[in-house]
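Source file: work_17.txt; contents: compact mmCIF, C-alpha atoms.
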```txt
# COMPACT_ATOMS: atom_id res chain seq x y z
CA MET A 1 79.15 139.32 64.68
CA ARG A 2 81.72 141.29 66.65
CA ARG A 3 84.32 140.80 63.96
CA GLY A 4 81.71 141.83 61.40
CA ALA A 5 80.93 144.95 63.39
CA CYS A 6 84.56 146.00 63.33
CA GLY A 7 84.77 145.29 59.61
CA TRP A 8 81.59 147.26 59.01
CA LEU A 9 82.98 150.25 60.91
CA ARG A 10 86.08 150.08 58.72
CA GLU A 11 84.11 149.87 55.50
CA ARG A 12 81.79 152.80 56.17
CA LYS A 13 83.34 156.19 55.43
CA VAL A 14 82.71 159.61 56.93
CA ARG A 15 81.56 160.91 53.54
CA ASP A 16 78.51 158.64 53.93
CA LEU A 17 77.48 160.56 57.06
CA VAL A 18 77.74 164.06 55.60
CA ARG A 19 76.41 163.44 52.10
CA ASP A 20 72.95 164.76 52.96
CA LYS A 21 73.94 167.33 55.58
CA ARG A 22 73.11 170.98 55.08
CA ARG A 23 75.54 173.64 53.90
CA LEU A 24 78.27 174.57 56.38
CA VAL A 25 77.26 177.28 58.85
CA GLU A 26 80.10 179.80 59.18
CA VAL A 27 80.76 183.43 60.08
CA PRO A 28 83.22 185.94 58.57
CA TYR A 29 86.18 187.06 60.66
CA THR A 30 84.71 190.57 60.81
CA ALA A 31 81.41 189.45 62.41
CA THR A 32 80.76 190.78 65.90
CA LEU A 33 80.15 188.42 68.78
CA ALA A 34 76.51 189.51 68.78
CA HIS A 35 76.19 188.54 65.11
CA THR A 36 77.94 185.26 65.84
CA VAL A 37 75.46 184.45 68.60
CA ASN A 38 72.64 185.24 66.15
CA ALA A 39 74.14 182.70 63.73
CA LEU A 40 74.36 180.08 66.48
CA VAL A 41 70.74 180.72 67.49
CA ALA A 42 69.32 180.76 63.96
CA ASN A 43 71.04 177.51 63.00
CA CYS A 44 70.78 175.69 66.34
CA VAL A 45 74.50 174.97 66.65
CA SER A 46 77.00 175.65 69.43
CA ALA A 47 80.09 176.20 67.28
CA VAL A 48 80.90 177.80 63.92
CA PRO A 49 84.08 178.00 61.83
CA VAL A 50 85.42 181.50 61.12
CA ALA A 51 86.27 182.35 57.50
CA ALA A 52 88.80 184.97 56.39
CA PRO A 53 90.46 186.02 53.11
CA PRO A 54 93.34 183.70 52.14
CA GLY A 55 96.93 184.63 52.91
CA GLN A 56 96.24 186.99 55.80
CA TRP A 57 95.90 184.69 58.81
CA ILE A 58 97.56 181.71 60.43
CA GLY A 59 94.97 179.01 60.99
CA ALA A 60 94.23 177.64 64.45
CA GLY A 61 96.90 175.15 65.44
CA GLY A 62 98.80 175.94 62.24
CA SER A 63 96.00 174.53 60.07
CA MET A 64 95.53 175.49 56.43
CA ILE A 65 91.93 174.61 55.62
CA LEU A 66 90.87 176.41 52.45
CA GLU A 67 87.78 176.69 50.29
CA SER A 68 88.50 176.87 46.58
CA ASP A 69 86.47 177.70 43.51
CA ARG A 70 85.13 174.51 41.95
CA ALA A 71 85.74 175.69 38.38
CA THR A 72 89.09 177.49 38.62
CA GLY A 73 90.61 176.06 41.79
CA ALA A 74 91.38 179.58 43.04
CA VAL A 75 91.32 179.85 46.86
CA ARG A 76 88.36 181.92 48.07
CA LYS A 77 88.55 181.68 51.84
CA HIS A 78 90.61 180.34 54.72
CA TYR A 79 89.01 178.86 57.84
CA ILE A 80 91.10 180.33 60.63
CA GLY A 81 89.46 178.74 63.66
CA MET A 82 86.34 177.55 65.41
CA VAL A 83 84.31 179.68 67.81
CA THR A 84 82.20 177.92 70.39
CA MET A 85 79.79 179.05 73.06
CA LEU A 86 82.58 178.31 75.54
CA ASP A 87 84.77 180.91 73.80
CA LEU A 88 81.99 183.44 74.31
CA LEU A 89 81.73 182.48 77.98
CA ALA A 90 85.49 182.87 78.41
CA HIS A 91 85.34 186.32 76.85
CA ILE A 92 82.48 187.39 79.10
CA SER A 93 84.24 186.10 82.22
CA GLU A 94 87.57 187.72 81.37
CA GLU A 95 85.96 191.09 80.90
CA GLY A 96 84.01 190.56 84.09
CA ASP A 97 87.23 189.98 86.04
CA GLN A 98 88.64 193.27 84.79
CA ASN A 99 85.55 195.19 85.86
CA HIS A 100 85.06 193.53 89.22
CA GLY A 101 88.23 194.93 90.69
CA ALA A 102 87.38 198.56 89.95
CA GLY A 103 85.37 199.32 93.09
CA ASP A 104 81.74 199.39 94.13
CA GLU A 105 80.59 201.64 91.29
CA SER A 106 81.72 199.12 88.69
CA SER A 107 80.45 196.05 90.50
CA ALA A 108 77.65 195.88 87.93
CA GLY A 109 80.16 196.33 85.10
CA PRO A 110 79.71 192.86 83.55
CA GLU A 111 75.98 193.52 83.15
CA ARG A 112 76.28 197.14 81.98
CA ASP A 113 79.11 196.59 79.54
CA LEU A 114 78.05 193.28 78.03
CA GLU A 115 76.64 194.88 74.89
CA ARG A 116 79.93 196.72 74.30
CA ARG A 117 81.88 193.52 74.77
CA MET A 118 79.63 191.68 72.33
CA SER A 119 80.51 194.21 69.62
CA VAL A 120 84.13 193.05 69.25
CA PRO A 121 85.08 191.03 66.13
CA VAL A 122 84.80 187.27 66.47
CA SER A 123 88.38 186.82 65.25
CA SER A 124 89.61 188.40 68.49
CA ILE A 125 88.35 185.55 70.69
CA ILE A 126 89.51 182.52 68.69
CA GLY A 127 91.45 180.27 71.03
CA HIS A 128 89.90 181.44 74.29
CA SER A 129 89.04 177.78 74.84
CA LEU A 130 91.11 174.75 73.85
CA GLU A 131 88.40 173.56 71.50
CA GLY A 132 88.52 176.84 69.60
CA LEU A 133 92.12 176.10 68.68
CA SER A 134 91.17 172.68 67.34
CA LEU A 135 90.04 173.06 63.75
CA TRP A 136 90.22 169.61 62.24
CA THR A 137 89.41 168.15 58.86
CA LEU A 138 88.96 164.47 58.10
CA ASN A 139 89.59 163.00 54.67
CA PRO A 140 86.22 161.89 53.23
CA THR A 141 87.56 158.34 52.84
CA THR A 142 88.38 158.09 56.56
CA SER A 143 86.64 155.07 58.05
CA ILE A 144 84.06 155.45 60.80
CA LEU A 145 86.38 153.43 63.05
CA ASP A 146 89.28 155.86 62.54
CA CYS A 147 86.92 158.80 62.97
CA MET A 148 85.82 157.29 66.29
CA GLU A 149 89.45 157.23 67.41
CA THR A 150 89.70 160.98 66.77
CA PHE A 151 86.36 161.75 68.42
CA SER A 152 87.16 159.51 71.41
CA LYS A 153 90.08 161.82 72.24
CA GLY A 154 87.83 164.81 72.84
CA VAL A 155 87.52 166.23 69.32
CA HIS A 156 83.82 167.12 69.09
CA ARG A 157 83.53 168.02 65.40
CA ALA A 158 85.50 168.03 62.16
CA LEU A 159 85.16 169.51 58.67
CA ILE A 160 84.72 166.99 55.85
CA PRO A 161 85.73 168.27 52.38
CA LEU A 162 83.28 167.58 49.58
CA GLU A 163 86.23 166.98 47.28
CA SER A 164 89.56 166.25 48.93
CA GLN A 165 92.89 167.33 47.42
CA THR A 166 94.59 164.64 49.50
CA ASN A 167 94.79 161.31 47.71
CA HIS A 168 95.64 159.21 50.76
CA ALA A 169 93.37 158.85 53.76
CA ILE A 170 94.69 159.81 57.15
CA ALA A 171 92.58 160.25 60.23
CA VAL A 172 93.23 163.93 60.96
CA GLU A 173 94.58 166.57 58.62
CA LEU A 174 95.66 170.16 59.13
CA ALA A 175 95.87 171.08 55.43
CA GLU A 176 93.06 170.75 52.90
CA ALA A 177 91.51 172.60 49.95
CA SER A 178 88.00 171.87 48.72
CA PRO A 179 85.11 173.65 46.96
CA GLY A 180 83.05 173.04 50.09
CA TYR A 181 82.84 171.33 53.48
CA ARG A 182 80.30 169.73 55.74
CA MET A 183 80.46 169.52 59.53
CA LEU A 184 80.64 166.06 61.12
CA THR A 185 79.96 165.83 64.85
CA GLN A 186 80.17 163.20 67.56
CA MET A 187 76.37 163.12 67.54
CA ASP A 188 76.34 162.17 63.84
CA VAL A 189 78.50 159.12 64.55
CA LEU A 190 76.42 158.09 67.57
CA SER A 191 73.26 158.42 65.48
CA LEU A 192 74.76 155.92 63.03
CA LEU A 193 75.62 153.52 65.86
CA ARG A 194 72.07 153.75 67.12
CA GLU A 195 70.72 152.91 63.65
CA GLN A 196 73.02 149.87 63.49
CA ASN A 197 72.16 148.66 66.98
CA GLN A 198 71.90 145.02 65.94
CA GLU A 199 75.35 145.04 64.31
CA LEU A 200 76.84 146.16 67.63
CA LYS A 201 74.54 144.26 69.98
CA GLY A 202 77.43 142.31 71.52
CA VAL A 203 78.92 145.57 72.77
CA LEU A 204 75.93 147.84 73.29
CA SER A 205 74.09 145.34 75.49
CA HIS A 206 76.66 145.79 78.27
CA SER A 207 76.15 148.41 80.97
CA VAL A 208 78.00 151.73 81.00
CA LEU A 209 79.62 150.58 84.24
CA GLU A 210 80.88 147.30 82.75
CA LEU A 211 82.36 149.09 79.74
CA GLY A 212 84.11 151.75 81.82
CA ALA A 213 82.17 154.62 80.25
CA ILE A 214 81.52 156.47 83.53
CA SER A 215 83.75 159.34 84.58
CA GLU A 216 83.61 159.89 88.32
CA VAL A 217 85.26 163.31 88.19
CA ILE A 218 82.32 165.72 88.31
CA PHE A 219 82.56 169.44 88.86
CA SER A 220 79.20 170.85 89.94
CA VAL A 221 77.76 174.15 91.16
CA SER A 222 75.24 174.87 93.89
CA LYS A 223 71.77 175.93 92.83
CA HIS A 224 72.43 179.21 94.64
CA THR A 225 75.52 180.11 92.57
CA LYS A 226 75.20 183.23 90.43
CA VAL A 227 75.30 182.86 86.66
CA MET A 228 78.31 185.16 86.30
CA ASP A 229 80.34 183.19 88.86
CA THR A 230 79.35 179.94 87.17
CA ILE A 231 80.38 181.24 83.74
CA ARG A 232 83.73 182.39 85.06
CA SER A 233 84.46 179.03 86.70
CA MET A 234 83.34 177.04 83.64
CA ALA A 235 85.56 179.10 81.35
CA ALA A 236 88.56 178.71 83.66
CA ALA A 237 88.09 174.93 83.84
CA GLY A 238 87.21 174.49 80.16
CA LEU A 239 83.78 173.05 80.94
CA SER A 240 80.89 173.50 78.53
CA ALA A 241 78.35 172.25 81.08
CA VAL A 242 78.06 171.55 84.80
CA PRO A 243 75.46 169.76 86.92
CA VAL A 244 73.50 171.96 89.33
CA VAL A 245 73.18 170.27 92.71
CA GLU A 246 71.37 170.69 96.00
CA ALA A 247 74.20 172.10 98.11
CA PRO A 248 74.99 175.27 100.03
CA SER A 249 77.04 178.00 98.33
CA ASP A 250 80.76 177.68 98.84
CA ASP A 251 83.81 179.90 98.39
CA GLN A 252 84.92 177.28 95.88
CA ILE A 253 82.41 177.69 93.03
CA LEU A 254 83.11 174.30 91.42
CA GLN A 255 82.39 171.53 93.92
CA ASP A 256 82.79 167.77 93.84
CA GLY A 257 79.31 166.74 92.72
CA ARG A 258 79.44 163.08 93.76
CA GLY A 259 76.81 162.09 96.27
CA LYS A 260 74.86 165.34 95.88
CA ARG A 261 71.28 165.57 94.67
CA LEU A 262 71.09 166.51 90.99
CA ILE A 263 68.67 169.32 90.12
CA GLU A 264 69.45 170.32 86.52
CA THR A 265 72.19 171.16 84.01
CA PHE A 266 73.71 174.56 83.33
CA SER A 267 75.26 174.58 79.87
CA ALA A 268 76.99 177.03 77.55
CA THR A 269 74.11 176.45 75.15
CA ASP A 270 71.70 177.86 77.75
CA LEU A 271 73.05 181.31 76.91
CA ARG A 272 72.53 180.78 73.19
CA LEU A 273 68.86 181.70 73.22
CA CYS A 274 69.15 184.49 75.76
CA PRO A 275 69.36 187.85 73.91
CA VAL A 276 71.95 190.34 75.10
CA VAL A 277 69.24 192.68 76.40
CA LEU A 278 68.05 189.89 78.72
CA LEU A 279 71.46 188.47 79.55
CA GLN A 280 72.70 191.77 80.96
CA PRO A 281 70.38 191.87 83.98
CA TRP A 282 70.21 188.08 84.34
CA LEU A 283 73.93 187.53 85.01
CA SER A 284 73.40 188.27 88.71
CA LEU A 285 70.63 185.65 89.06
CA SER A 286 71.26 182.23 90.54
CA VAL A 287 71.60 179.44 87.99
CA THR A 288 68.20 178.01 88.96
CA GLU A 289 66.48 181.38 88.59
CA PHE A 290 68.18 181.83 85.22
CA LYS A 291 66.97 178.42 84.03
CA GLU A 292 63.43 179.13 85.23
CA ARG A 293 63.29 182.40 83.29
CA LEU A 294 64.68 180.71 80.18
CA SER A 295 62.05 178.02 80.50
CA MET A 296 59.24 180.56 80.84
CA ARG A 297 60.52 182.49 77.85
CA GLY A 298 60.80 179.30 75.79
CA SER A 299 57.26 178.21 76.65
CA ASN A 300 55.98 181.46 75.15
CA ALA A 301 57.96 181.09 71.93
CA SER A 302 57.74 178.77 68.97
CA ILE A 303 60.85 176.60 69.10
CA ALA A 304 61.80 174.62 66.03
CA PRO A 305 62.90 171.05 66.77
CA PRO A 306 66.65 170.45 66.38
CA VAL A 307 67.94 168.78 63.25
CA ALA A 308 69.67 165.43 63.69
CA GLY A 309 73.31 166.04 64.50
CA ASP A 310 72.68 169.60 65.64
CA ASP A 311 72.67 170.87 69.19
CA PRO A 312 69.74 170.86 71.59
CA THR A 313 67.46 173.81 72.12
CA PRO A 314 68.04 174.74 75.77
CA GLU A 315 64.42 175.52 76.64
CA THR A 316 63.17 172.14 75.46
CA ARG A 317 65.90 170.10 77.12
CA ARG A 318 64.93 167.88 80.04
CA LEU A 319 67.29 166.54 82.66
CA ILE A 320 68.52 163.32 81.06
CA THR A 321 70.12 160.75 83.36
CA CYS A 322 71.06 157.10 83.51
CA SER A 323 72.12 154.60 86.18
CA PRO A 324 75.40 152.64 86.31
CA GLU A 325 73.44 149.57 85.16
CA THR A 326 71.97 151.29 82.06
CA SER A 327 73.02 149.52 78.88
CA LEU A 328 75.19 151.47 76.48
CA SER A 329 72.47 150.97 73.87
CA ASP A 330 69.93 152.75 76.08
CA ALA A 331 72.46 155.46 76.95
CA ILE A 332 73.11 156.18 73.26
CA GLU A 333 69.37 156.17 72.59
CA SER A 334 68.81 158.73 75.35
CA ALA A 335 71.63 160.99 74.19
CA VAL A 336 70.67 160.94 70.51
CA SER A 337 66.90 161.18 70.91
CA ASN A 338 67.19 164.04 73.39
CA HIS A 339 70.10 165.74 71.62
CA VAL A 340 72.25 165.99 74.76
CA HIS A 341 76.04 165.73 74.94
CA ARG A 342 76.22 163.91 78.27
CA LEU A 343 74.18 161.76 80.64
CA TRP A 344 74.50 162.34 84.37
CA VAL A 345 74.78 159.04 86.23
CA VAL A 346 72.60 158.90 89.35
CA ASP A 347 71.74 156.24 91.90
CA GLY A 348 68.25 155.16 92.94
CA GLU A 349 67.89 158.21 95.20
CA GLY A 350 68.84 160.71 92.50
CA LEU A 351 72.32 161.33 93.90
CA LEU A 352 75.04 162.11 91.39
CA GLN A 353 77.54 159.31 90.77
CA GLY A 354 79.28 160.28 87.54
CA VAL A 355 78.86 161.32 83.93
CA VAL A 356 78.87 159.55 80.56
CA SER A 357 79.83 161.87 77.70
CA LEU A 358 79.60 161.31 73.95
CA THR A 359 83.39 161.04 73.98
CA ASP A 360 83.14 158.22 76.54
CA MET A 361 80.52 156.38 74.49
CA LEU A 362 82.57 156.47 71.30
CA ARG A 363 85.72 155.47 73.15
CA VAL A 364 84.27 152.36 74.78
CA VAL A 365 82.51 151.19 71.61
CA ARG A 366 85.73 151.47 69.59
CA ASP A 367 87.82 149.80 72.29
CA ALA A 368 85.32 146.97 72.69
CA VAL A 369 84.98 146.10 68.99
CA LEU A 370 88.76 146.20 68.49
CA ARG A 371 89.33 144.03 71.57
CA ALA A 372 86.73 141.52 70.40
CA GLU A 373 88.32 141.36 66.96
CA GLN A 374 91.79 140.78 68.42
CA GLU A 375 90.48 138.03 70.68
CA LEU A 376 88.76 136.33 67.78
CA GLU A 377 91.88 136.53 65.62
CA GLY A 378 93.88 135.00 68.48
CA VAL A 379 91.48 132.08 68.69
CA VAL A 380 91.68 131.51 64.93
CA GLN A 381 95.50 131.61 64.91
CA HIS A 382 95.76 129.14 67.79
CA GLY A 383 93.03 126.91 66.41
```
Give the structure from the file, written as C-alpha cells.
Amino acid sequence: MRRGACGWLRERKVRDLVRDKRRLVEVPYTATLAHTVNALVANCVSAVPVAAPPGQWIGAGGSMILESDRATGAVRKHYIGMVTMLDLLAHISEEGDQNHGAGDESSAGPERDLERRMSVPVSSIIGHSLEGLSLWTLNPTTSILDCMETFSKGVHRALIPLESQTNHAIAVELAEASPGYRMLTQMDVLSLLREQNQELKGVLSHSVLELGAISEVIFSVSKHTKVMDTIRSMAAAGLSAVPVVEAPSDDQILQDGRGKRLIETFSATDLRLCPVVLLQPWLSLSVTEFKERLSMRGSNASIAPPVAGDDPTPETRRLITCSPETSLSDAIESAVSNHVHRLWVVDGEGLLQGVVSLTDMLRVVRDAVLRAEQELEGVVQHG
C-alpha cells in the first residue's frame, strides 16, 4: 500500500488539481494598496500576483512568467511578483517606524497617515517580504510528489499554466508563457491527501510527534501587545501569524511561546476584512481588543463561506489546536475543514508546545512515503 501511495502521488499531476479552479485573481501594477486589499477581501485570498505590460519590468527573482494571446501567441502581460498580506504589514510597519521618531505630535502618525500610505501603487511594495519575491510556476505535468517537495520547502503557492510552452516537466520554473494560469496552493494539495486518506493510511495514522511534524520554535505575543507593535514585529521576523498568549507585556515583543497559555491567533489575514477607516484608530488597541472588535463586526455581517483552497475568513475562524498525539490524518482534517494554515500544539492544560504548519504536513508525508518505498525496494532486492 505504501509503495502504491508513492506511485499514486507520482502519477497524479498538478493539472488535475487546478482543472476546475476559478480564474486567476490578480491586480494591475498601477493598483493602489487600498484597491489591492479590496481584491483580497472580495476574493477571500491572502495573496495576488501583480500584472504589468510586457518588456517593462524584471520579474520577482528574475522570473519571466507571461500571459499570451491564445490565438496569436502575442504576449499580453507579465506577472512581476506576488503581493501578500505580509507585504502590506511590512509597508505599514516601515512607515510607522519613520513617523514614530518625529516627536510627540506625530506619535499617532501611523493611524493618521494610514490612508495616505494605502494610496501608493502596489508595485512599490513587491518584495517587502521574502514570499513576495517568490513567484513560482509549476509545469502542469509536474507530479503531486514533486509539487510536495516544492511546497515542503516553504513555497505556499504556485501558478499553473493552462497550456505550457515547456515540453519537459521540471518541478519549479522561472520562465513560462501561457494563455492563462490557475493558482495552486498548499491547501489544495492537502485537500487531495485528505480525500485519499485510505491510500495514505500507513503514514497518516501516525501522530504528528512520531512523524516529526512539530516545530518547537514559537514566537508569540502577549495579549496586551498593541496591534501596531505586533505588526511591526511580525513583518521584521517574516511571520504571517503569531499565537497570542497569557503573559505580561515585555520589552521584547516576540516572546518564546512554549509553556504559555494559548488564547488566540493574530494573523495577517485578520487585517484583510478591516477597512482602512476602522484600521486607523484600531492600530493602538491590544491584539485581544482588536480581535474582539473584528468578531463583533463579523457577527453583524453576512460572511460568505471560503471556497476550498482559498484562505479563511478571519471573523469565522476558531482557535484550532491539536496535541502531540494527534494523528496526522486528524491534523490534516482539522486544517482543511477549518481553512487554517497551522495548528497550535497544546498539552492537556492548554499550554503551548509547538506548531504544525501546512509546510510541515506536506514535508513529513512526502518523506514518509519515499522512505517506505525505499525500504520496500531494499527488501525486494535482498529477497
Exercise for the section: Could you tell me how far atom CA of Ala247 of chain A lies from atom CA of Glu349 of chain A, in Å and to one decimal? Expected result: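 Going from atom CA of Ala247 of chain A over to atom CA of Glu349 of chain A, I get 15.5 Å.
Close contacts of segment 279-287 of chain A, defined as residues with an atom at most 7 Å away when counting only C-alpha atoms, with chain neighbours fewer than 5 positions off set aside, comprise Glu111, Arg112, Leu114, Lys223, His224, Thr225, Lys226, Val227, Met228 and Cys274 of chain A.
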Problem - Distance in Å - atom CA of Thr185 of chain A versus atom CA of Leu130 of chain A - result: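 Between these atoms lies a distance of 16.9 Å.
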Problem - Distance criterion (all atoms listed in the file): nearest to Leu211 of chain A out of A:Ser329, A:Ser334, A:Thr265, A:Thr137 - result: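 Among the listed residues, A:Ser329 lies closest to Leu211 of chain A.
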Practice task
Find the spatial neighbours of segment 62-76 of chain A, counting only C-alpha atoms, within a cut-off of 8 Å - ignore same-chain residues fewer than 4 positions away - and output them as an MDAnalysis selection string.
Solution key: chainID A and resid 53:54 58 80 135:137 174:181
Completion step: segment 26-48 of chain A with N, CA, C and O atoms as a PDB file, in the coordinates of the input:
```
ATOM      1  N   GLU A  26      78.845 179.128  58.862  1.00  0.00           N
ATOM      2  CA  GLU A  26      80.100 179.800  59.180  1.00  0.00           C
ATOM      3  C   GLU A  26      79.848 181.277  59.394  1.00  0.00           C
ATOM      4  O   GLU A  26      78.774 181.794  59.088  1.00  0.00           O
ATOM      5  N   VAL A  27      80.849 181.977  59.927  1.00  0.00           N
ATOM      6  CA  VAL A  27      80.760 183.430  60.080  1.00  0.00           C
ATOM      7  C   VAL A  27      82.053 184.042  59.559  1.00  0.00           C
ATOM      8  O   VAL A  27      83.121 183.425  59.629  1.00  0.00           O
ATOM      9  N   PRO A  28      81.988 185.273  59.010  1.00  0.00           N
ATOM     10  CA  PRO A  28      83.220 185.940  58.570  1.00  0.00           C
ATOM     11  C   PRO A  28      84.016 186.440  59.765  1.00  0.00           C
ATOM     12  O   PRO A  28      83.461 186.670  60.844  1.00  0.00           O
ATOM     13  N   TYR A  29      85.307 186.637  59.561  1.00  0.00           N
ATOM     14  CA  TYR A  29      86.180 187.060  60.660  1.00  0.00           C
ATOM     15  C   TYR A  29      85.828 188.443  61.194  1.00  0.00           C
ATOM     16  O   TYR A  29      86.188 188.809  62.303  1.00  0.00           O
ATOM     17  N   THR A  30      85.104 189.231  60.402  1.00  0.00           N
ATOM     18  CA  THR A  30      84.710 190.570  60.810  1.00  0.00           C
ATOM     19  C   THR A  30      83.405 190.608  61.598  1.00  0.00           C
ATOM     20  O   THR A  30      83.025 191.661  62.115  1.00  0.00           O
ATOM     21  N   ALA A  31      82.698 189.484  61.694  1.00  0.00           N
ATOM     22  CA  ALA A  31      81.410 189.450  62.410  1.00  0.00           C
ATOM     23  C   ALA A  31      81.627 189.784  63.880  1.00  0.00           C
ATOM     24  O   ALA A  31      82.628 189.397  64.486  1.00  0.00           O
ATOM     25  N   THR A  32      80.689 190.505  64.460  1.00  0.00           N
ATOM     26  CA  THR A  32      80.760 190.780  65.900  1.00  0.00           C
ATOM     27  C   THR A  32      80.318 189.540  66.665  1.00  0.00           C
ATOM     28  O   THR A  32      79.722 188.611  66.101  1.00  0.00           O
ATOM     29  N   LEU A  33      80.599 189.537  67.962  1.00  0.00           N
ATOM     30  CA  LEU A  33      80.150 188.420  68.780  1.00  0.00           C
ATOM     31  C   LEU A  33      78.632 188.347  68.808  1.00  0.00           C
ATOM     32  O   LEU A  33      78.054 187.258  68.834  1.00  0.00           O
ATOM     33  N   ALA A  34      77.980 189.503  68.799  1.00  0.00           N
ATOM     34  CA  ALA A  34      76.510 189.510  68.780  1.00  0.00           C
ATOM     35  C   ALA A  34      75.987 188.854  67.511  1.00  0.00           C
ATOM     36  O   ALA A  34      75.037 188.061  67.558  1.00  0.00           O
ATOM     37  N   HIS A  35      76.602 189.163  66.368  1.00  0.00           N
ATOM     38  CA  HIS A  35      76.190 188.540  65.110  1.00  0.00           C
ATOM     39  C   HIS A  35      76.487 187.042  65.113  1.00  0.00           C
ATOM     40  O   HIS A  35      75.720 186.243  64.565  1.00  0.00           O
ATOM     41  N   THR A  36      77.595 186.675  65.754  1.00  0.00           N
ATOM     42  CA  THR A  36      77.940 185.260  65.840  1.00  0.00           C
ATOM     43  C   THR A  36      76.912 184.488  66.664  1.00  0.00           C
ATOM     44  O   THR A  36      76.497 183.385  66.297  1.00  0.00           O
ATOM     45  N   VAL A  37      76.500 185.085  67.778  1.00  0.00           N
ATOM     46  CA  VAL A  37      75.460 184.450  68.600  1.00  0.00           C
ATOM     47  C   VAL A  37      74.180 184.309  67.789  1.00  0.00           C
ATOM     48  O   VAL A  37      73.496 183.275  67.860  1.00  0.00           O
ATOM     49  N   ASN A  38      73.842 185.318  66.995  1.00  0.00           N
ATOM     50  CA  ASN A  38      72.640 185.240  66.150  1.00  0.00           C
ATOM     51  C   ASN A  38      72.736 184.058  65.185  1.00  0.00           C
ATOM     52  O   ASN A  38      71.750 183.363  64.932  1.00  0.00           O
ATOM     53  N   ALA A  39      73.940 183.836  64.636  1.00  0.00           N
ATOM     54  CA  ALA A  39      74.140 182.700  63.730  1.00  0.00           C
ATOM     55  C   ALA A  39      73.973 181.375  64.454  1.00  0.00           C
ATOM     56  O   ALA A  39      73.382 180.421  63.929  1.00  0.00           O
ATOM     57  N   LEU A  40      74.497 181.292  65.676  1.00  0.00           N
ATOM     58  CA  LEU A  40      74.360 180.080  66.480  1.00  0.00           C
ATOM     59  C   LEU A  40      72.895 179.797  66.785  1.00  0.00           C
ATOM     60  O   LEU A  40      72.422 178.658  66.687  1.00  0.00           O
ATOM     61  N   VAL A  41      72.162 180.858  67.136  1.00  0.00           N
ATOM     62  CA  VAL A  41      70.740 180.720  67.490  1.00  0.00           C
ATOM     63  C   VAL A  41      69.926 180.298  66.273  1.00  0.00           C
ATOM     64  O   VAL A  41      69.132 179.356  66.326  1.00  0.00           O
ATOM     65  N   ALA A  42      70.132 181.010  65.157  1.00  0.00           N
ATOM     66  CA  ALA A  42      69.320 180.760  63.960  1.00  0.00           C
ATOM     67  C   ALA A  42      69.528 179.354  63.409  1.00  0.00           C
ATOM     68  O   ALA A  42      68.606 178.768  62.833  1.00  0.00           O
ATOM     69  N   ASN A  43      70.729 178.809  63.584  1.00  0.00           N
ATOM     70  CA  ASN A  43      71.040 177.510  63.000  1.00  0.00           C
ATOM     71  C   ASN A  43      71.099 176.375  64.014  1.00  0.00           C
ATOM     72  O   ASN A  43      71.415 175.245  63.661  1.00  0.00           O
ATOM     73  N   CYS A  44      70.823 176.696  65.292  1.00  0.00           N
ATOM     74  CA  CYS A  44      70.780 175.690  66.340  1.00  0.00           C
ATOM     75  C   CYS A  44      72.069 174.878  66.430  1.00  0.00           C
ATOM     76  O   CYS A  44      72.076 173.649  66.432  1.00  0.00           O
ATOM     77  N   VAL A  45      73.198 175.600  66.484  1.00  0.00           N
ATOM     78  CA  VAL A  45      74.500 174.970  66.650  1.00  0.00           C
ATOM     79  C   VAL A  45      75.228 175.685  67.786  1.00  0.00           C
ATOM     80  O   VAL A  45      74.876 176.796  68.168  1.00  0.00           O
ATOM     81  N   SER A  46      76.249 175.044  68.332  1.00  0.00           N
ATOM     82  CA  SER A  46      77.000 175.650  69.430  1.00  0.00           C
ATOM     83  C   SER A  46      78.427 175.999  69.040  1.00  0.00           C
ATOM     84  O   SER A  46      79.220 176.418  69.876  1.00  0.00           O
ATOM     85  N   ALA A  47      78.767 175.837  67.756  1.00  0.00           N
ATOM     86  CA  ALA A  47      80.090 176.200  67.280  1.00  0.00           C
ATOM     87  C   ALA A  47      80.027 176.502  65.788  1.00  0.00           C
ATOM     88  O   ALA A  47      79.262 175.864  65.053  1.00  0.00           O
ATOM     89  N   VAL A  48      80.833 177.470  65.349  1.00  0.00           N
ATOM     90  CA  VAL A  48      80.900 177.800  63.920  1.00  0.00           C
ATOM     91  C   VAL A  48      82.353 178.066  63.531  1.00  0.00           C
ATOM     92  O   VAL A  48      83.112 178.655  64.293  1.00  0.00           O
TER      93      VAL A  48
END
```
